[in-house]
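Colleague: The file below is model.cif, mmCIF, C-alpha atoms:
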data_structure
loop_
_atom_site.label_atom_id
_atom_site.label_comp_id
_atom_site.auth_asym_id
_atom_site.auth_seq_id
_atom_site.Cartn_x
_atom_site.Cartn_y
_atom_site.Cartn_z
CA VAL A 659 84.76 12.96 35.28
CA LYS A 660 84.47 16.66 34.70
CA ALA A 661 86.08 18.72 37.44
CA PRO A 662 83.71 21.07 39.27
CA GLU A 663 83.92 24.66 38.13
CA ALA A 664 85.84 26.96 40.43
CA LYS A 665 83.80 29.59 42.22
CA LYS A 666 84.00 32.96 40.51
CA TYR A 667 84.84 35.94 42.72
CA ASP A 668 84.38 39.64 42.10
CA LEU A 669 88.01 40.50 42.75
CA SER A 670 87.29 44.24 42.78
CA LYS A 671 85.53 43.81 46.13
CA TYR A 672 88.79 42.81 47.80
CA ILE A 673 91.22 45.34 46.30
CA LEU A 674 92.28 48.24 48.52
CA ASN A 675 92.50 51.66 46.93
CA TYR A 676 95.58 53.67 47.93
CA SER A 677 93.58 56.90 47.89
CA SER A 678 91.01 55.55 50.37
CA GLU A 679 90.82 57.29 53.74
CA ILE A 680 92.15 55.33 56.71
CA ILE A 681 89.31 54.63 59.13
CA GLU A 682 90.57 54.31 62.70
CA PRO A 683 89.11 51.54 64.90
CA VAL A 684 85.96 52.53 66.79
CA PRO A 685 86.75 52.14 70.52
CA VAL A 686 84.59 50.04 72.82
CA LEU A 687 86.71 50.56 75.96
CA MET A 688 89.51 53.04 76.61
CA GLN A 689 91.97 53.64 79.44
CA GLY A 690 92.53 57.37 79.33
CA ASP A 691 93.72 58.04 75.78
CA LYS A 692 94.75 54.40 75.20
CA LEU A 693 92.58 52.10 73.11
CA VAL A 694 91.87 48.85 74.94
CA ILE A 695 89.33 47.07 72.70
CA SER A 696 87.52 48.17 69.54
CA ARG A 697 84.76 47.16 67.15
CA GLY A 698 85.53 44.49 64.57
CA ASN A 699 88.15 42.75 66.69
CA LEU A 700 88.72 39.86 69.09
CA SER A 701 90.31 39.94 72.54
CA VAL A 702 91.28 37.25 75.03
CA ILE A 703 91.29 37.18 78.82
CA ALA A 704 93.93 34.62 79.80
CA GLY A 705 94.77 33.31 83.22
CA ALA A 706 95.27 30.26 85.38
CA PRO A 707 92.24 28.61 86.99
CA LYS A 708 90.89 30.70 89.89
CA SER A 709 92.75 33.82 88.77
CA ARG A 710 89.41 35.69 88.87
CA LYS A 711 88.79 35.95 85.15
CA SER A 712 85.02 36.10 85.66
CA MET A 713 85.48 38.85 88.24
CA PHE A 714 87.44 40.84 85.69
CA VAL A 715 84.66 40.30 83.15
CA ALA A 716 82.20 41.77 85.66
CA ALA A 717 84.47 44.82 86.07
CA MET A 718 84.81 45.25 82.30
CA ILE A 719 81.09 44.98 81.65
CA ALA A 720 80.37 47.42 84.48
CA SER A 721 82.89 49.81 82.87
CA PHE A 722 81.15 49.40 79.51
CA PHE A 723 77.92 50.57 81.12
CA GLY A 724 79.43 53.57 82.87
CA ASN A 725 81.24 52.45 86.03
CA ASP A 726 84.48 54.47 85.89
CA THR A 727 86.14 53.14 89.05
CA PHE A 728 88.37 50.63 87.22
CA GLY A 729 90.00 53.27 85.01
CA LEU A 730 88.23 51.97 81.90
CA THR A 731 85.74 54.17 80.08
CA SER A 732 83.00 53.23 77.66
CA CYS A 733 82.94 54.82 74.23
CA ILE A 734 79.46 53.65 73.21
CA GLU A 735 76.47 55.40 74.68
CA GLY A 736 73.47 53.12 75.17
CA GLY A 737 75.50 50.10 74.05
CA LYS A 738 74.36 46.49 74.16
CA CYS A 739 76.40 43.62 75.59
CA LEU A 740 75.84 39.85 75.39
CA LEU A 741 77.52 37.51 77.88
CA PHE A 742 77.63 33.79 77.05
CA ASP A 743 78.57 31.51 79.95
CA THR A 744 79.43 28.02 78.75
CA GLU A 745 80.92 26.44 81.88
CA SER A 746 79.41 27.74 85.13
CA SER A 747 76.38 26.36 86.91
CA GLU A 748 73.17 28.35 86.58
CA SER A 749 73.54 29.67 90.13
CA HIS A 750 77.09 30.92 89.47
CA THR A 751 76.03 32.57 86.23
CA LEU A 752 73.18 34.28 88.06
CA LYS A 753 75.63 35.46 90.74
CA GLN A 754 77.73 36.99 87.96
CA LEU A 755 74.70 38.83 86.60
CA LYS A 756 73.82 40.17 90.06
CA ARG A 757 77.48 41.11 90.63
CA ILE A 758 77.42 43.31 87.52
CA TYR A 759 74.12 44.90 88.60
CA LYS A 760 75.65 45.59 92.02
CA LEU A 761 78.66 47.34 90.43
CA LEU A 762 76.28 49.51 88.40
CA ASP A 763 73.72 50.16 91.18
CA TRP A 764 71.02 48.77 88.91
CA ASP A 765 67.87 47.72 90.75
CA LYS A 766 65.74 46.59 87.79
CA PRO A 767 66.35 44.56 84.60
CA ASN A 768 68.26 46.31 81.83
CA SER A 769 67.66 44.97 78.32
CA ASN A 770 71.06 46.21 77.12
CA LEU A 771 72.78 43.42 79.07
CA ILE A 772 71.70 39.90 78.14
CA VAL A 773 73.27 36.85 79.78
CA PHE A 774 73.01 33.36 78.28
CA HIS A 775 73.59 30.14 80.25
CA LEU A 776 74.87 27.48 77.82
CA ARG A 777 76.45 24.85 80.06
CA GLU A 778 73.93 22.13 79.19
CA CYS A 779 74.15 22.69 75.41
CA SER A 780 76.24 20.69 72.97
CA ILE A 781 79.25 22.31 71.32
CA GLU A 782 77.36 22.70 68.05
CA ASP A 783 74.34 24.23 69.79
CA ARG A 784 76.50 26.67 71.76
CA ILE A 785 78.09 28.00 68.58
CA GLU A 786 74.75 28.31 66.78
CA ILE A 787 73.07 30.02 69.74
CA ILE A 788 75.92 32.54 69.93
CA LYS A 789 75.66 33.25 66.21
CA GLN A 790 71.87 33.56 66.25
CA ALA A 791 71.89 35.79 69.34
CA ILE A 792 74.42 38.15 67.75
CA ASP A 793 72.39 38.25 64.55
CA PHE A 794 69.17 38.97 66.47
CA TYR A 795 70.35 41.46 69.10
CA LYS A 796 73.07 43.24 67.09
CA PRO A 797 75.29 43.88 70.15
CA ASP A 798 78.24 46.22 70.36
CA TRP A 799 80.22 43.80 72.50
CA CYS A 800 80.06 40.08 73.33
CA VAL A 801 81.87 38.01 75.95
CA VAL A 802 82.29 34.22 75.73
CA ASP A 803 83.12 32.62 79.07
CA GLY A 804 84.81 30.21 78.08
CA LEU A 805 86.17 29.67 74.62
CA LEU A 806 87.43 26.15 75.38
CA ASP A 807 83.83 24.87 75.45
CA LEU A 808 83.31 25.72 71.78
CA VAL A 809 85.66 22.95 70.56
CA SER A 810 85.98 19.25 71.38
CA SER A 811 89.74 19.61 71.81
CA PRO A 812 92.02 22.67 72.06
CA ASN A 813 94.67 20.65 70.20
CA ASP A 814 92.57 20.03 67.09
CA ASP A 815 94.44 22.21 64.60
CA THR A 816 91.69 22.34 61.97
CA ALA A 817 88.69 22.79 64.29
CA THR A 818 90.32 25.50 66.41
CA ASN A 819 91.49 27.42 63.35
CA LEU A 820 88.00 27.32 61.84
CA LEU A 821 86.47 28.48 65.14
CA ILE A 822 88.75 31.52 65.44
CA LEU A 823 88.19 32.40 61.77
CA GLU A 824 84.43 32.20 62.31
CA LEU A 825 84.63 34.48 65.35
CA MET A 826 86.69 36.94 63.32
CA ARG A 827 84.06 36.84 60.58
CA ILE A 828 81.31 37.56 63.12
CA THR A 829 83.09 40.63 64.50
CA SER A 830 83.55 41.96 60.98
CA VAL A 831 80.03 41.27 59.68
CA TYR A 832 78.28 42.61 62.80
CA ASP A 833 80.83 45.35 63.61
CA CYS A 834 81.11 44.25 67.23
CA HIS A 835 83.90 43.26 69.60
CA LEU A 836 84.15 39.72 70.94
CA THR A 837 86.06 38.92 74.14
CA ASN A 838 86.93 35.30 74.94
CA ILE A 839 88.03 33.78 78.23
CA LEU A 840 90.67 31.05 78.02
CA HIS A 841 92.66 29.18 80.66
CA THR A 842 96.43 28.99 80.75
CA GLY A 843 98.17 25.73 81.60
CA LYS A 844 100.75 24.84 84.24
CA SER A 845 102.55 22.31 82.02
CA ASN A 846 103.18 24.74 79.15
CA GLY A 847 104.77 27.61 81.02
CA GLY A 848 101.56 29.54 81.60
CA GLN A 849 100.63 29.75 77.91
CA MET A 850 97.04 29.55 76.70
CA VAL A 851 96.04 25.95 76.08
CA GLY A 852 96.67 24.16 72.80
CA TRP A 853 96.31 25.27 69.20
CA LEU A 854 93.20 27.14 70.32
CA GLY A 855 95.25 29.39 72.57
CA SER A 856 97.89 29.88 69.88
CA TYR A 857 95.34 30.92 67.24
CA ALA A 858 93.38 33.10 69.64
CA GLN A 859 96.53 34.92 70.76
CA ARG A 860 97.66 35.44 67.18
CA LYS A 861 94.37 36.96 66.04
CA ALA A 862 93.52 39.00 69.14
CA GLU A 863 93.64 42.78 69.24
CA THR A 864 94.36 42.57 72.98
CA VAL A 865 95.34 39.73 75.30
CA PHE A 866 94.63 40.50 78.96
CA GLN A 867 96.88 38.39 81.20
CA LEU A 868 95.55 37.92 84.73
CA VAL A 869 98.03 37.06 87.48
CA LYS A 870 96.81 36.31 91.00
CA ASP A 871 99.21 36.84 93.90
CA GLY A 872 97.53 36.26 97.24
CA GLU A 873 94.46 38.48 97.38
CA ILE A 874 95.55 40.73 94.50
CA THR A 875 94.88 40.06 90.82
CA THR A 876 96.95 42.03 88.32
CA VAL A 877 95.74 42.73 84.77
CA GLN A 878 98.59 42.94 82.27
CA PRO A 879 98.62 43.80 78.52
CA ALA A 880 100.32 40.58 77.41
CA GLU A 881 99.71 41.28 73.72
CA THR A 882 98.17 44.31 72.03
CA ARG A 883 98.06 45.88 68.58
CA ASN A 884 97.58 49.26 70.22
CA ALA A 885 99.68 51.19 72.71
CA PRO A 886 99.74 48.96 75.83
CA PHE A 887 97.37 50.04 78.58
CA GLU A 888 98.74 50.55 82.09
CA GLU A 889 98.74 47.48 84.28
CA PHE A 890 96.27 47.63 87.13
CA SER A 891 95.06 45.37 89.90
CA PHE A 892 91.85 44.60 91.74
CA LEU A 893 90.71 42.95 94.95
CA ILE A 894 87.48 41.25 96.02
CA ASP A 895 85.44 42.63 98.91
CA GLN A 896 83.54 40.59 101.52
CA GLN A 897 80.44 40.57 99.32
CA GLY A 898 82.33 39.00 96.44
CA ILE A 899 82.47 42.23 94.41
CA PRO A 900 85.69 43.31 92.62
CA TYR A 901 87.11 46.73 93.33
CA PHE A 902 89.98 48.72 91.81
CA ASN A 903 93.36 48.54 93.53
CA GLY A 904 95.31 51.06 91.43
CA THR A 905 97.59 51.12 88.40
CA ILE A 906 101.06 49.61 88.38
CA THR A 907 104.05 51.46 86.95
CA ARG A 908 106.97 49.27 85.95
CA MET A 909 110.45 50.60 85.25
CA THR A 910 111.84 50.41 81.75
CA LYS A 911 115.01 48.37 81.15
CA GLN A 912 117.07 51.56 81.19
CA GLU A 913 115.42 52.76 84.41
CA THR A 914 116.06 49.35 85.98
CA ASN A 915 119.74 49.46 85.03
CA GLU A 916 120.15 52.98 86.41
CA HIS A 917 118.35 51.97 89.60
CA ASN A 918 120.62 48.94 90.07
CA LYS A 919 123.75 51.07 89.57
CA LYS A 920 122.71 53.28 92.49
CA LEU A 921 122.57 50.24 94.76
CA PHE A 922 126.28 49.47 94.36
#
Using structure tokens, write down the structure from this file.
Modeller:
Amino acid sequence: VKAPEAKKYDLSKYILNYSSEIIEPVPVLMQGDKLVISRGNLSVIAGAPKSRKSMFVAAMIASFFGNDTFGLTSCIEGGKCLLFDTESSESHTLKQLKRIYKLLDWDKPNSNLIVFHLRECSIEDRIEIIKQAIDFYKPDWCVVDGLLDLVSSPNDDTATNLLILELMRITSVYDCHLTNILHTGKSNGGQMVGWLGSYAQRKAETVFQLVKDGEITTVQPAETRNAPFEEFSFLIDQQGIPYFNGTITRMTKQETNEHNKKLF
């Protein structure tokens, strides 16, 4: 039996030229002069169940559209954002949409924010809908809430690897940023679940770690390829709307040592 011919590649397409100009990432969100997320990259929002990950998504999207109260600023004027909710009921997804509108003082539909409710879809359909929506709307930023619902098991090495590689391809082809929400587990020391979490963390530009302590949720730069943004926290008001609670300054190891010396 004759072996199939190997696919021929134009190798010149993949060779980098030393004399080429370095093109810096195009920011999607900044914190002051610090790059938080950029075009052509993935990010992950990680946190335990009920750590208010969806609330943080609402704050981020509101920031993308011009709400500057959370210390995050948008770098894309007139940008388009797609939010894909794979796990919430239709009523909860609608509450999220109205929450974002409330943060932005919008009182009529805005076509630059499109929210998809995919809970009743199969895994295959969810992935295809996400891909087709990105191809059709050409967004600047997409959010998938939650990533776990795009695979049958987070511990399937092959399937999870292929999923993350496909998401990376999408961000590159469509020059957009894609943020994914993923739970952390109690049994694995607070790490993101399974091979899926491991791959997502490895390939992410930024991993936002959410830690809830009482009524306060802190947002930490667990992993980042850029200069780490300042930690900050938020609370939830009586109407179920997140609001900024300030930045958090932590002492360096040297500062901590010097502080401890003064105590003795």
Colleague: Please work out which residues fall within 10 Å of (88.2, 39.1, 72.4), coordinates as given in the file, with all atoms listed in the file counting, and return them as a ChimeraX atom specification.
Modeller: /A:695-696,698-703,799-802,805,825-826,829,835-839,858-859,861-866
Colleague: Apply the PyMOL selection byres ((chain A and resi 756) around 12) to the structure shown and report the selected residues as a short mmCIF file (atom, residue, chain, number, x, y, z; two decimals) with C-alpha atoms, in the coordinates of the input.
Modeller:
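Generated output (out-v5.cif):
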data_model
loop_
_atom_site.label_atom_id
_atom_site.label_comp_id
_atom_site.auth_asym_id
_atom_site.auth_seq_id
_atom_site.Cartn_x
_atom_site.Cartn_y
_atom_site.Cartn_z
CA MET A 713 85.48 38.85 88.24
CA ALA A 716 82.20 41.77 85.66
CA ALA A 720 80.37 47.42 84.48
CA SER A 749 73.54 29.67 90.13
CA HIS A 750 77.09 30.92 89.47
CA THR A 751 76.03 32.57 86.23
CA LEU A 752 73.18 34.28 88.06
CA LYS A 753 75.63 35.46 90.74
CA GLN A 754 77.73 36.99 87.96
CA LEU A 755 74.70 38.83 86.60
CA ARG A 757 77.48 41.11 90.63
CA ILE A 758 77.42 43.31 87.52
CA TYR A 759 74.12 44.90 88.60
CA LYS A 760 75.65 45.59 92.02
CA LEU A 761 78.66 47.34 90.43
CA LEU A 762 76.28 49.51 88.40
CA ASP A 763 73.72 50.16 91.18
CA TRP A 764 71.02 48.77 88.91
CA ASP A 765 67.87 47.72 90.75
CA LYS A 766 65.74 46.59 87.79
CA PRO A 767 66.35 44.56 84.60
CA ASN A 768 68.26 46.31 81.83
CA LEU A 771 72.78 43.42 79.07
CA VAL A 773 73.27 36.85 79.78
CA GLN A 897 80.44 40.57 99.32
CA GLY A 898 82.33 39.00 96.44
CA ILE A 899 82.47 42.23 94.41
#
Colleague: I'd like the neighbourhood of A:His775 as a compact mmCIF listing (two decimals) with C-alpha atoms, in the coordinates of the input, where a residue qualifies if any of its atoms comes within 8 Å (using only C-alpha atoms), though same-chain residues fewer than 6 positions away should be ignored.
Modeller:
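Once written, around17.txt looks like this:
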# COMPACT_ATOMS: atom_id res chain seq x y z
CA PHE A 742 77.63 33.79 77.05
CA ASP A 743 78.57 31.51 79.95
CA THR A 744 79.43 28.02 78.75
CA SER A 746 79.41 27.74 85.13
CA GLU A 748 73.17 28.35 86.58
CA THR A 751 76.03 32.57 86.23
Colleague: Which residues would end up in the selection if the PyMOL selection byres ((chain A and resi 694) around 8) were applied here, given that I need the answer as a ChimeraX atom specification?
Modeller: /A:685-689,692-693,695-696,864,884,886-887
Colleague: Which residues are near stretch 807-811 of chain A? Cut-off 12 Å, only C-alpha atoms, ignore same chain within fewer than 2 positions. Put them as an MDAnalysis selection string.
Modeller: chainID A and resid 742:746 776:788 802:805 813:822 824:825 838:841 851:855
Colleague: Can you tell me, as a list in words, what residues are no more than 8 Å from stretch 792-794 of chain A when counting all atoms listed in the file, ignoring any on the same chain fewer than 3 positions away?
Modeller: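 Listed by chain and then number, they are Leu740, Ile788, Lys789, Pro797 and Tyr832 of chain A.
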Colleague: What does the PyMOL selection byres ((chain A and resi 877) around 6) select in this file, as number ranges by chain?
Modeller: A: 867-868, 876, 878, 889-891
Colleague: For the atom pair atom CA of A:Ile828 and atom CA of A:Gln849, what is the interatomic distance in Å to one decimal place?
Modeller: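 Between atom CA of A:Ile828 and atom CA of A:Gln849 the gap is 25.6 Å.
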Colleague: Have a look at atom CA of A:Tyr857 and atom CA of A:Phe722 and let me know their distance in Å, one decimal.
Modeller: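 Going from atom CA of A:Tyr857 over to atom CA of A:Phe722, I get 26.3 Å.
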